[in-house]
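Peer 1: Dropping the structure in here first, questions after.
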There are 4 protein chains.
Amino acid sequence: MEFGITFKGDISPERTIALCKQAEAAGFDYVWFFDSHVLWPECYTTMAVCMRETEKLRYGPCVTNPGVRDWTVAASTFAQLNRLSGNRYDLGVGRGDSSRRVLGKKPLNLQTMVEFSQACVDLAAGKKIEYDEREVELVWSNSPMPTWFAAYGPKALACAGEHADGLILQLADPWLVKWFSKQALEAGKKAGRDMSKFRIMSAAPVWVGDLEKGRAQTKWFPAMVGNHVADLVEKYGKDGGGDVPERLVQYIEGRKGYDYKHHADKNAGHLDFISSDIIDSFSILGDPAAHIHKLEELKRAGVTQFNIYLMCEEEERIVAEYGDHVLPHFR
Amino acid sequence: MEFGITFKGDISPERTIALCKQAEAAGFDYVWFFDSHVLWPECYTTMAVCMRETEKLRYGPCVTNPGVRDWTVAASTFAQLNRLSGNRYDLGVGRGDSSRRVLGKKPLNLQTMVEFSQACVDLAAGKKIEYDEREVELVWSNSPMPTWFAAYGPKALACAGEHADGLILQLADPWLVKWFSKQALEAGKKAGRDMSKFRIMSAAPVWVGDLEKGRAQTKWFPAMVGNHVADLVEKYGKDGGGDVPERLVQYIEGRKGYDYKHHADKNAGHLDFISSDIIDSFSILGDPAAHIHKLEELKRAGVTQFNIYLMCEEEERIVAEYGDHVLPHFR
Amino acid sequence: MEFGITFKGDISPERTIALCKQAEAAGFDYVWFFDSHVLWPECYTTMAVCMRETEKLRYGPCVTNPGVRDWTVAASTFAQLNRLSGNRYDLGVGRGDSSRRVLGKKPLNLQTMVEFSQACVDLAAGKKIEYDEREVELVWSNSPMPTWFAAYGPKALACAGEHADGLILQLADPWLVKWFSKQALEAGKKAGRDMSKFRIMSAAPVWVGDLEKGRAQTKWFPAMVGNHVADLVEKYGKDGGGDVPERLVQYIEGRKGYDYKHHADKNAGHLDFISSDIIDSFSILGDPAAHIHKLEELKRAGVTQFNIYLMCEEEERIVAEYGDHVLPHFR
Amino acid sequence: MEFGITFKGDISPERTIALCKQAEAAGFDYVWFFDSHVLWPECYTTMAVCMRETEKLRYGPCVTNPGVRDWTVAASTFAQLNRLSGNRYDLGVGRGDSSRRVLGKKPLNLQTMVEFSQACVDLAAGKKIEYDEREVELVWSNSPMPTWFAAYGPKALACAGEHADGLILQLADPWLVKWFSKQALEAGKKAGRDMSKFRIMSAAPVWVGDLEKGRAQTKWFPAMVGNHVADLVEKYGKDGGGDVPERLVQYIEGRKGYDYKHHADKNAGHLDFISSDIIDSFSILGDPAAHIHKLEELKRAGVTQFNIYLMCEEEERIVAEYGDHVLPHFR
């Protein structure tokens, strides 16, 4: 299993560089950055610097979107990151969430996401593409660029399976991971692709240490992604695979009340509503043994990379704990 | 007088970094990058890396434009470059020439350029701005960002004098430098600004060594910027200040023939048309003494920074010759 | 209070560099290296690299000695470390313990240590010195070099007070720290020096976390330095200041048995002999609050720098715990 | 043919690093440092830093000697340079000239040089050696270390052929290079070694540009090494291979007068005595074509590496000229 860390962008450049070096020395494989340029500093300049300070780590956005840069600007940036790093750049793509919402714009549709991803891959490979009714080409670029799609919904999951090299799932619940990834894998097979090397990432925050403290530090995560997930499970779970675990059923029930009474209410009451069961299932908490146990479950569920959302404080300690106690178990 | 170098983007990352370090050790003050992301690799990721490998050099695009990135993306990138470098970022802006033309788009108008520049400065300073009918703010940024406008025409020159901290003039002809910069300075004074610290850059290729070889290596430069300049001198020269030097009068005559018979014809005949007088006046050629002599002229004409367009081959040698023989004269 | 970390030299270059960057970002002030070139890799080349990867951290050996390099080689190395780092080099000196013993040689006398230290300081300052019956001078050096002497015995402590800028005490027992440092301070005052800026370092391993685990990880430390300390307390404690704490009295009693019955016996029996009280008093163990509590005690005892002997495993986590939970208390 | 540059140590750290990066980008293979720690800053700390700033360049002293460091200190330093660089360290050894003379000590004998070199190689390889009547071992090291011996005299040349991986010849006279290296090669064959991969370095200053200026900049070189060479040619030339070139015969005649009348007299008269012929033959001067011509001669004489003594001013330009005009001819 590969291991990654993800930066939100709120950590100083010096700490970010130091954490990359620490992660590389600890045996991590990937460093990802949120690409949401208003909330946090633009990530590609920082990524370029971190690439130069490390030798093996791969880097990429988790995730970018087709809607804030001219596609040729995006592709030129990604291709140059490949040149600066000796081809250690992966492209994680989504439909544009926080990056666009903060500017008052909606996420883009799946078709746009697929076309954007393909345009970037082709331009980086040095191919001519048709763009905005004109032929464009980056004659100076000739590099490979693996793609990952972030997805929850059935159509997005199918897209990932049909077009990407990997799937990004923002949660660490083994049942959900399996249920989601199955949809991507089946779509890929149906499209005639060899899915044996398809990659599946589980991305989530973790806390090594006291369980209660861990819940407090990571509760924001099910709050952020949970409603979205609950929607999908409620809508497609029965038809799409049944056997929804009890904790999710309860979560879905709870969410209903939540949606209408406490919408956009970010006070303690709202957060209290999220049960410990849900927090525990969406993230990984507890002592190193608990982490290893759950990571083994995720591995059995098909996960090829576990990606730590490194934004719950004590970031250096978390990387250290994984380096000392968790990664060695998987090497 | 300050000294800078400008990269087009065709040099490998390793050589670019080495040249920055060489330039810093040699006493240069600025490193600029063309921002034309299809023709050459996106420049800001490279700039970020070079910033981290040097300690005092200032960096910036020469020039960027308002038309290829969402303005919030541009501002976030520039502000983060300030964070990564300890506020060593300057913003050079133009209306969008090669960067947009290569995508089949026209340069933008002056008003857009002024608004873009102000938006970037305000966002980097941590101020709230109105953008696309919405308030936007980079809460994580709080840095200064000096601005430079590239200009030739009377309205653009006035804009620079009224709104920017410096003026970028792409040529090293002392008479023209003085004639152009006078227009910016007067507009600034008229607008009530204190112009005593206004900065004037002369940007041009150079060749240290054999004169004939130097002409061959830099002939592309008057070909690139010359017609534009000739137009302006013809149109405004007599009214705007008279006493157009003989070599420019002849150039303007020649250009007329050129325009209609050889338009877009880049063969030898076309280039042969450009006289040695014009090549010599637009660039700086010859032995170190000749460079010092002309730089003194430019200094007297008001130039505060001479910026070498470092794209005529033998880049390391050119930086070395300036470091050994030219810069010491101005320190 | 300043904070430092000390490397033994058994950590890979990549981890060492990453730890320096982590320590700098976490707010540490100093990085020290054991200088024992047979047991571990020569430390100055590594130090040079770490200096270049950080901006504020100061570096030095903890400690070097006068007996393994020609003094001009030592001084040239130290002076160049100052040049490479912008004068961030401190000189920690001892009489030569493991570095010489491993080659079958004895530690040198105090007079040699004092002369060596002075020679290095003078040569780094660009002064001519008499060395080996000849005038020597490093004409290319002109830098300051603060000195620290490692000492336990009354004569060595006096030397430190009379000649050095700081005193290195290898233990974190507040009573002993005070008792030792008092001797240095008094000797310095007696010699007419202003001791108000004299620096006192307490250097010891730490363990943040479970107490029992911490004792197991740091037991080697009282075993290494304890007999030496016990000797001194037994010999000079009553006359030199009385009131030896009960745990030390017991330790001295125990040590007697140890000395004669188990000398050079490094099995479990030997280590078991060291009581938890002694382990706890020589190092700092427990949760962050316990560390803060003891560091406050050390501060009251006159300690100006606490230096973590970073060699008990989980090094990145230890630096992280201090950065997150301990250092903020002292800023 | 490989190419190297050698630093004397009088260039600032920043310029030294920049020159290494420039040399790597220009295609050079080796960077060497004089190891003479009183005249110039200790070289290994600087070397460590330069290693980290480059990826392919190999490094080494040109040359170190057995007489200023405990051999275990020397070996530990060299072995750690291998660890810091991924085994990019070569060991150049001599008998100790300026490094020892400046301390009033004589060079050591050849046997000591051979033993020192072998001790360093063995210790770096992780082998146990007998040293100072005691077994010593660097348990943490396990790296290869090619050796080069600097030699002029027949015994030293034989030693190089019998024990080293390469021979360092401080001059660029093809006749002399062939005459000296033949002696090493024959000794090696006689000792039963396979000399097909034996490496021969010609090390000398160069000047690209005006010949008269070049002579003025490099005249110090035949003055430094010439008397030594003349002695050997006079003593062994006739027996050892005859056919001494006319310019050397004249040099030897001249030297005689010199030796007795102007010994240790470094004024202009002394330097004027050295003929242009000798300067031209010991170094490489003139335009790039002249350099290529002479390098081809040296290649035919068996030279596998040409090493520029980079200490005649305009260092960056010299590296640039070689990168632009000379190295491409040999790739």
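Quick note on naming: the chains in the structure tokens go A, B, ... in the order shown, residues restart at 1 in each chain, and ligands are numbered from 1 in order of appearance.
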Which parts of segment 12-195 of chain D does DSSP call strand (DSSP E) when run on the backbone here, written out as a list in words?
Peer 2: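 Those in segment 12-195 of chain D that DSSP calls strand (DSSP E) are Tyr30, Val31, Trp32, Phe33, Arg58, Tyr59, Gly60, Pro61, Leu91, Gly92, Val93, Ile129, Glu130, Glu135, Val136, Thr147, Trp148, Phe149, Ala150, Gly166, Leu167, Ile168 and Leu169 of chain D.
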Peer 1: Dump as JSON lines the rows for residues of chain A within 7 Å of chain B: closest atom pair and distance in Å with one decimal, only C-alpha atoms counted, ordered by chain and rising residue number.
Peer 2:
{"residue": "A:Pro13", "atom": "CA", "partner": "B:Leu84", "partner_atom": "CA", "distance": 6.3}
{"residue": "A:His37", "atom": "CA", "partner": "B:Ser76", "partner_atom": "CA", "distance": 6.0}
{"residue": "A:Val38", "atom": "CA", "partner": "B:Leu138", "partner_atom": "CA", "distance": 5.7}
{"residue": "A:Leu39", "atom": "CA", "partner": "B:Leu138", "partner_atom": "CA", "distance": 6.8}
{"residue": "A:Trp40", "atom": "CA", "partner": "B:Trp140", "partner_atom": "CA", "distance": 6.8}
{"residue": "A:Pro41", "atom": "CA", "partner": "B:Gln80", "partner_atom": "CA", "distance": 5.6}
{"residue": "A:Glu42", "atom": "CA", "partner": "B:Thr77", "partner_atom": "CA", "distance": 5.1}
{"residue": "A:Tyr44", "atom": "CA", "partner": "B:Thr45", "partner_atom": "CA", "distance": 6.4}
{"residue": "A:Thr45", "atom": "CA", "partner": "B:Thr45", "partner_atom": "CA", "distance": 4.6}
{"residue": "A:Ala48", "atom": "CA", "partner": "B:Thr45", "partner_atom": "CA", "distance": 5.5}
{"residue": "A:Val49", "atom": "CA", "partner": "B:Val49", "partner_atom": "CA", "distance": 5.1}
{"residue": "A:Val68", "atom": "CA", "partner": "B:Asp70", "partner_atom": "CA", "distance": 5.7}
{"residue": "A:Arg69", "atom": "CA", "partner": "B:Arg69", "partner_atom": "CA", "distance": 5.0}
{"residue": "A:Asp70", "atom": "CA", "partner": "B:Val68", "partner_atom": "CA", "distance": 5.7}
{"residue": "A:Thr72", "atom": "CA", "partner": "B:Val38", "partner_atom": "CA", "distance": 6.8}
{"residue": "A:Val73", "atom": "CA", "partner": "B:His37", "partner_atom": "CA", "distance": 6.1}
{"residue": "A:Ser76", "atom": "CA", "partner": "B:Glu42", "partner_atom": "CA", "distance": 5.3}
{"residue": "A:Thr77", "atom": "CA", "partner": "B:Glu42", "partner_atom": "CA", "distance": 5.1}
{"residue": "A:Gln80", "atom": "CA", "partner": "B:Pro41", "partner_atom": "CA", "distance": 5.6}
{"residue": "A:Leu84", "atom": "CA", "partner": "B:Pro13", "partner_atom": "CA", "distance": 6.3}
{"residue": "A:Leu138", "atom": "CA", "partner": "B:Val38", "partner_atom": "CA", "distance": 5.7}
{"residue": "A:Trp140", "atom": "CA", "partner": "B:Trp40", "partner_atom": "CA", "distance": 6.8}
Peer 1: Extract the full set of alpha helix (DSSP H) residues from segment 47-117 of chain D according to DSSP on the backbone, and format it as a PyMOL selection string.
Peer 2: chain D and resi 47-52+71-85+98-101+110-117
Peer 1: Could you write out that same residue set with N, CA and C atoms as an mmCIF file, in the first residue's frame?
Peer 2:
data_model
loop_
_atom_site.group_PDB
_atom_site.id
_atom_site.type_symbol
_atom_site.label_atom_id
_atom_site.label_comp_id
_atom_site.auth_asym_id
_atom_site.auth_seq_id
_atom_site.Cartn_x
_atom_site.Cartn_y
_atom_site.Cartn_z
ATOM 1 N N MET D 47 32.821 21.201 0.157
ATOM 2 C CA MET D 47 32.544 20.113 -0.778
ATOM 3 C C MET D 47 31.201 19.455 -0.469
ATOM 4 N N ALA D 48 30.947 19.239 0.814
ATOM 5 C CA ALA D 48 29.688 18.613 1.221
ATOM 6 C C ALA D 48 28.494 19.428 0.731
ATOM 7 N N VAL D 49 28.596 20.729 0.906
ATOM 8 C CA VAL D 49 27.504 21.610 0.474
ATOM 9 C C VAL D 49 27.336 21.552 -1.044
ATOM 10 N N CYS D 50 28.453 21.624 -1.765
ATOM 11 C CA CYS D 50 28.369 21.597 -3.233
ATOM 12 C C CYS D 50 27.792 20.270 -3.730
ATOM 13 N N MET D 51 28.176 19.183 -3.077
ATOM 14 C CA MET D 51 27.617 17.874 -3.442
ATOM 15 C C MET D 51 26.099 17.877 -3.372
ATOM 16 N N ARG D 52 25.567 18.484 -2.320
ATOM 17 C CA ARG D 52 24.112 18.485 -2.124
ATOM 18 C C ARG D 52 23.404 19.375 -3.131
ATOM 19 N N TRP D 71 44.406 9.695 10.639
ATOM 20 C CA TRP D 71 43.887 8.992 9.459
ATOM 21 C C TRP D 71 42.436 8.562 9.632
ATOM 22 N N THR D 72 42.052 8.288 10.859
ATOM 23 C CA THR D 72 40.649 7.896 11.069
ATOM 24 C C THR D 72 39.726 9.095 10.873
ATOM 25 N N VAL D 73 40.207 10.292 11.201
ATOM 26 C CA VAL D 73 39.410 11.495 10.938
ATOM 27 C C VAL D 73 39.279 11.698 9.432
ATOM 28 N N ALA D 74 40.386 11.566 8.723
ATOM 29 C CA ALA D 74 40.350 11.723 7.268
ATOM 30 C C ALA D 74 39.383 10.711 6.655
ATOM 31 N N ALA D 75 39.516 9.462 7.029
ATOM 32 C CA ALA D 75 38.685 8.408 6.435
ATOM 33 C C ALA D 75 37.213 8.617 6.774
ATOM 34 N N SER D 76 36.933 9.028 8.001
ATOM 35 C CA SER D 76 35.545 9.256 8.411
ATOM 36 C C SER D 76 34.936 10.394 7.591
ATOM 37 N N THR D 77 35.728 11.431 7.365
ATOM 38 C CA THR D 77 35.262 12.557 6.547
ATOM 39 C C THR D 77 34.971 12.107 5.114
ATOM 40 N N PHE D 78 35.913 11.392 4.530
ATOM 41 C CA PHE D 78 35.738 10.965 3.134
ATOM 42 C C PHE D 78 34.548 10.007 3.019
ATOM 43 N N ALA D 79 34.434 9.096 3.962
ATOM 44 C CA ALA D 79 33.336 8.119 3.909
ATOM 45 C C ALA D 79 31.992 8.814 4.052
ATOM 46 N N GLN D 80 31.955 9.839 4.897
ATOM 47 C CA GLN D 80 30.690 10.555 5.063
ATOM 48 C C GLN D 80 30.374 11.375 3.808
ATOM 49 N N LEU D 81 31.382 11.897 3.134
ATOM 50 C CA LEU D 81 31.123 12.595 1.873
ATOM 51 C C LEU D 81 30.500 11.629 0.861
ATOM 52 N N ASN D 82 30.916 10.402 0.890
ATOM 53 C CA ASN D 82 30.266 9.398 0.047
ATOM 54 C C ASN D 82 28.797 9.208 0.435
ATOM 55 N N ARG D 83 28.526 9.158 1.740
ATOM 56 C CA ARG D 83 27.133 8.989 2.190
ATOM 57 C C ARG D 83 26.276 10.192 1.809
ATOM 58 N N LEU D 84 26.866 11.385 1.934
ATOM 59 C CA LEU D 84 26.097 12.599 1.658
ATOM 60 C C LEU D 84 25.807 12.765 0.168
ATOM 61 N N SER D 85 26.602 12.125 -0.671
ATOM 62 C CA SER D 85 26.506 12.386 -2.106
ATOM 63 C C SER D 85 26.062 11.185 -2.930
ATOM 64 N N SER D 98 51.975 22.276 0.023
ATOM 65 C CA SER D 98 51.676 23.564 0.660
ATOM 66 C C SER D 98 50.985 23.372 2.013
ATOM 67 N N SER D 99 50.131 22.346 2.088
ATOM 68 C CA SER D 99 49.382 22.099 3.317
ATOM 69 C C SER D 99 50.311 21.912 4.508
ATOM 70 N N ARG D 100 51.454 21.267 4.279
ATOM 71 C CA ARG D 100 52.389 21.007 5.367
ATOM 72 C C ARG D 100 53.501 22.057 5.438
ATOM 73 N N ARG D 101 53.977 22.499 4.287
ATOM 74 C CA ARG D 101 55.073 23.466 4.296
ATOM 75 C C ARG D 101 54.694 24.737 5.057
ATOM 76 N N LEU D 110 56.686 8.369 0.187
ATOM 77 C CA LEU D 110 55.718 7.688 -0.674
ATOM 78 C C LEU D 110 55.028 6.527 0.037
ATOM 79 N N GLN D 111 55.787 5.813 0.852
ATOM 80 C CA GLN D 111 55.230 4.656 1.538
ATOM 81 C C GLN D 111 54.055 5.096 2.417
ATOM 82 N N THR D 112 54.238 6.223 3.114
ATOM 83 C CA THR D 112 53.168 6.758 3.956
ATOM 84 C C THR D 112 51.944 7.113 3.123
ATOM 85 N N MET D 113 52.181 7.707 1.966
ATOM 86 C CA MET D 113 51.090 8.084 1.080
ATOM 87 C C MET D 113 50.300 6.843 0.640
ATOM 88 N N VAL D 114 51.006 5.818 0.279
ATOM 89 C CA VAL D 114 50.348 4.575 -0.162
ATOM 90 C C VAL D 114 49.545 3.968 0.990
ATOM 91 N N GLU D 115 50.137 3.936 2.163
ATOM 92 C CA GLU D 115 49.441 3.333 3.315
ATOM 93 C C GLU D 115 48.211 4.154 3.712
ATOM 94 N N PHE D 116 48.360 5.450 3.674
ATOM 95 C CA PHE D 116 47.240 6.332 4.005
ATOM 96 C C PHE D 116 46.082 6.102 3.040
ATOM 97 N N SER D 117 46.404 6.077 1.761
ATOM 98 C CA SER D 117 45.373 5.878 0.747
ATOM 99 C C SER D 117 44.661 4.545 0.973
#
Peer 1: For Asp324 of chain A, find every residue with an atom within 9 Å (counting only C-alpha atoms), except residues of its own chain fewer than 2 positions away, and show them as a PyMOL selection string.
Peer 2: (chain A and resi 26+319-322+326-328) or (chain C and resi 313-314+316-317)
Peer 1: Write the residues you've just listed into a file as a PDB file, in the first residue's frame, and include N, CA, C and O atoms for each of them.
Peer 2:
ATOM      1  N   ALA A  26      10.437   9.308   6.135  1.00  0.00           N
ATOM      2  CA  ALA A  26       9.623   8.329   6.863  1.00  0.00           C
ATOM      3  C   ALA A  26       9.068   7.244   5.949  1.00  0.00           C
ATOM      4  O   ALA A  26       8.469   6.278   6.441  1.00  0.00           O
ATOM      5  N   VAL A 319       2.909  12.531  11.230  1.00  0.00           N
ATOM      6  CA  VAL A 319       3.804  11.930  10.239  1.00  0.00           C
ATOM      7  C   VAL A 319       4.829  11.038  10.935  1.00  0.00           C
ATOM      8  O   VAL A 319       5.153   9.941  10.460  1.00  0.00           O
ATOM      9  N   ALA A 320       5.321  11.495  12.095  1.00  0.00           N
ATOM     10  CA  ALA A 320       6.307  10.718  12.842  1.00  0.00           C
ATOM     11  C   ALA A 320       5.706   9.394  13.334  1.00  0.00           C
ATOM     12  O   ALA A 320       6.324   8.339  13.215  1.00  0.00           O
ATOM     13  N   GLU A 321       4.498   9.466  13.870  1.00  0.00           N
ATOM     14  CA  GLU A 321       3.845   8.238  14.376  1.00  0.00           C
ATOM     15  C   GLU A 321       3.661   7.232  13.241  1.00  0.00           C
ATOM     16  O   GLU A 321       3.918   6.041  13.409  1.00  0.00           O
ATOM     17  N   TYR A 322       3.200   7.727  12.093  1.00  0.00           N
ATOM     18  CA  TYR A 322       3.037   6.818  10.957  1.00  0.00           C
ATOM     19  C   TYR A 322       4.381   6.251  10.510  1.00  0.00           C
ATOM     20  O   TYR A 322       4.502   5.073  10.200  1.00  0.00           O
ATOM     21  N   VAL A 326       3.422   2.804  11.841  1.00  0.00           N
ATOM     22  CA  VAL A 326       2.414   2.288  10.916  1.00  0.00           C
ATOM     23  C   VAL A 326       3.031   1.820   9.593  1.00  0.00           C
ATOM     24  O   VAL A 326       2.859   0.670   9.192  1.00  0.00           O
ATOM     25  N   LEU A 327       3.776   2.699   8.942  1.00  0.00           N
ATOM     26  CA  LEU A 327       4.328   2.325   7.635  1.00  0.00           C
ATOM     27  C   LEU A 327       5.174   1.048   7.674  1.00  0.00           C
ATOM     28  O   LEU A 327       5.080   0.235   6.743  1.00  0.00           O
ATOM     29  N   PRO A 328       6.020   0.895   8.703  1.00  0.00           N
ATOM     30  CA  PRO A 328       6.860  -0.316   8.706  1.00  0.00           C
ATOM     31  C   PRO A 328       6.038  -1.606   8.587  1.00  0.00           C
ATOM     32  O   PRO A 328       6.508  -2.593   8.027  1.00  0.00           O
TER      33      PRO A 328
ATOM     34  N   GLU C 313      15.214   7.090  19.885  1.00  0.00           N
ATOM     35  CA  GLU C 313      14.184   6.648  18.940  1.00  0.00           C
ATOM     36  C   GLU C 313      12.997   7.624  18.934  1.00  0.00           C
ATOM     37  O   GLU C 313      12.847   8.421  19.846  1.00  0.00           O
ATOM     38  N   GLU C 314      12.199   7.504  17.892  1.00  0.00           N
ATOM     39  CA  GLU C 314      11.044   8.390  17.691  1.00  0.00           C
ATOM     40  C   GLU C 314      11.462   9.862  17.712  1.00  0.00           C
ATOM     41  O   GLU C 314      10.771  10.720  18.274  1.00  0.00           O
ATOM     42  N   GLU C 316      11.616  12.256  15.402  1.00  0.00           N
ATOM     43  CA  GLU C 316      10.716  13.242  14.793  1.00  0.00           C
ATOM     44  C   GLU C 316       9.537  13.531  15.737  1.00  0.00           C
ATOM     45  O   GLU C 316       9.098  14.676  15.852  1.00  0.00           O
ATOM     46  N   ARG C 317       9.021  12.488  16.376  1.00  0.00           N
ATOM     47  CA  ARG C 317       7.899  12.705  17.281  1.00  0.00           C
ATOM     48  C   ARG C 317       8.326  13.561  18.478  1.00  0.00           C
ATOM     49  O   ARG C 317       7.593  14.464  18.897  1.00  0.00           O
TER      50      ARG C 317
END
Peer 1: Atom CA of Ala150 of chain A and atom CA of Leu167 of chain A, how far apart in Å?
Peer 2: 6.0 Å
Peer 1: For Ile274 of chain A, please output as an mmCIF file with N, CA, C and O atoms, in the first residue's frame all residues within 9 Å (counting only C-alpha atoms; exclusion window: fewer than 4 positions along the same chain).
Peer 2:
data_model
loop_
_atom_site.group_PDB
_atom_site.id
_atom_site.type_symbol
_atom_site.label_atom_id
_atom_site.label_comp_id
_atom_site.auth_asym_id
_atom_site.auth_seq_id
_atom_site.Cartn_x
_atom_site.Cartn_y
_atom_site.Cartn_z
ATOM 1 N N LYS A 219 -13.724 15.726 13.772
ATOM 2 C CA LYS A 219 -15.185 15.800 13.588
ATOM 3 C C LYS A 219 -15.574 16.633 12.367
ATOM 4 O O LYS A 219 -16.634 16.411 11.762
ATOM 5 N N PRO A 222 -16.399 14.299 8.770
ATOM 6 C CA PRO A 222 -17.724 13.808 8.367
ATOM 7 C C PRO A 222 -18.699 14.963 8.150
ATOM 8 O O PRO A 222 -19.598 14.866 7.299
ATOM 9 N N ALA A 223 -18.519 16.052 8.876
ATOM 10 C CA ALA A 223 -19.394 17.215 8.651
ATOM 11 C C ALA A 223 -19.213 17.747 7.236
ATOM 12 O O ALA A 223 -20.162 18.168 6.582
ATOM 13 N N TYR A 251 -26.982 7.290 10.449
ATOM 14 C CA TYR A 251 -26.443 8.578 10.031
ATOM 15 C C TYR A 251 -27.390 9.252 9.040
ATOM 16 O O TYR A 251 -27.655 10.456 9.110
ATOM 17 N N GLY A 254 -30.394 10.566 10.846
ATOM 18 C CA GLY A 254 -30.007 11.781 11.566
ATOM 19 C C GLY A 254 -29.850 12.961 10.623
ATOM 20 O O GLY A 254 -30.337 14.065 10.886
ATOM 21 N N ARG A 255 -29.172 12.706 9.504
ATOM 22 C CA ARG A 255 -28.896 13.745 8.528
ATOM 23 C C ARG A 255 -30.179 14.452 8.082
ATOM 24 O O ARG A 255 -30.224 15.644 7.878
ATOM 25 N N HIS A 270 -24.885 21.338 16.022
ATOM 26 C CA HIS A 270 -24.757 20.701 14.722
ATOM 27 C C HIS A 270 -23.682 19.611 14.740
ATOM 28 O O HIS A 270 -23.888 18.490 14.308
ATOM 29 N N ILE A 278 -19.861 7.468 13.443
ATOM 30 C CA ILE A 278 -19.603 8.026 12.113
ATOM 31 C C ILE A 278 -18.200 8.621 12.033
ATOM 32 O O ILE A 278 -17.463 8.397 11.076
ATOM 33 N N ILE A 279 -17.840 9.375 13.051
ATOM 34 C CA ILE A 279 -16.475 9.939 13.071
ATOM 35 C C ILE A 279 -15.453 8.817 12.947
ATOM 36 O O ILE A 279 -14.536 8.882 12.129
#
Peer 1: So how far away is atom CA of Gly96 of chain A from atom CA of His163 of chain A, in Å?
Peer 2: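 Distance between the two atoms: 17.8 Å.
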Peer 1: How many Å separate atom CA of Phe282 of chain D from atom CA of Phe3 of chain D?
Peer 2: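 It comes out at 17.2 Å.
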Peer 1: Neighbouring residues of Tyr89 of chain A were defined as those with any atom within 6 Å, considering only C-alpha atoms; residues of the same chain fewer than 6 positions away were excluded. Please report them as JSON, numbers by chain.
Peer 2: {"A": [58, 59, 60, 82]}
Peer 1: Residues within 9 Å of Leu19 of chain D, please, as a PDB file with C-alpha atoms, in the first residue's frame. Count only C-alpha atoms; anything in the same chain fewer than 3 positions from it doesn't count.
Peer 2:
ATOM      1  CA  ALA B  18      22.448  27.900 -12.043  1.00  0.00           C
ATOM      2  CA  LYS B  21      22.805  31.760  -8.618  1.00  0.00           C
ATOM      3  CA  GLN B  22      25.525  32.998 -10.955  1.00  0.00           C
TER       4      GLN B  22
ATOM      5  CA  GLU D  14      28.051  31.434  -2.946  1.00  0.00           C
ATOM      6  CA  ARG D  15      30.180  31.707  -6.074  1.00  0.00           C
ATOM      7  CA  THR D  16      31.635  28.259  -5.499  1.00  0.00           C
ATOM      8  CA  GLN D  22      27.055  25.995 -13.787  1.00  0.00           C
ATOM      9  CA  ALA D  23      29.708  23.350 -14.412  1.00  0.00           C
ATOM     10  CA  GLU D  24      27.194  20.531 -13.966  1.00  0.00           C
ATOM     11  CA  GLU D 315      36.059  31.766 -13.629  1.00  0.00           C
ATOM     12  CA  GLU D 316      32.402  31.842 -14.677  1.00  0.00           C
ATOM     13  CA  VAL D 319      33.390  27.532 -17.487  1.00  0.00           C
TER      14      VAL D 319
END
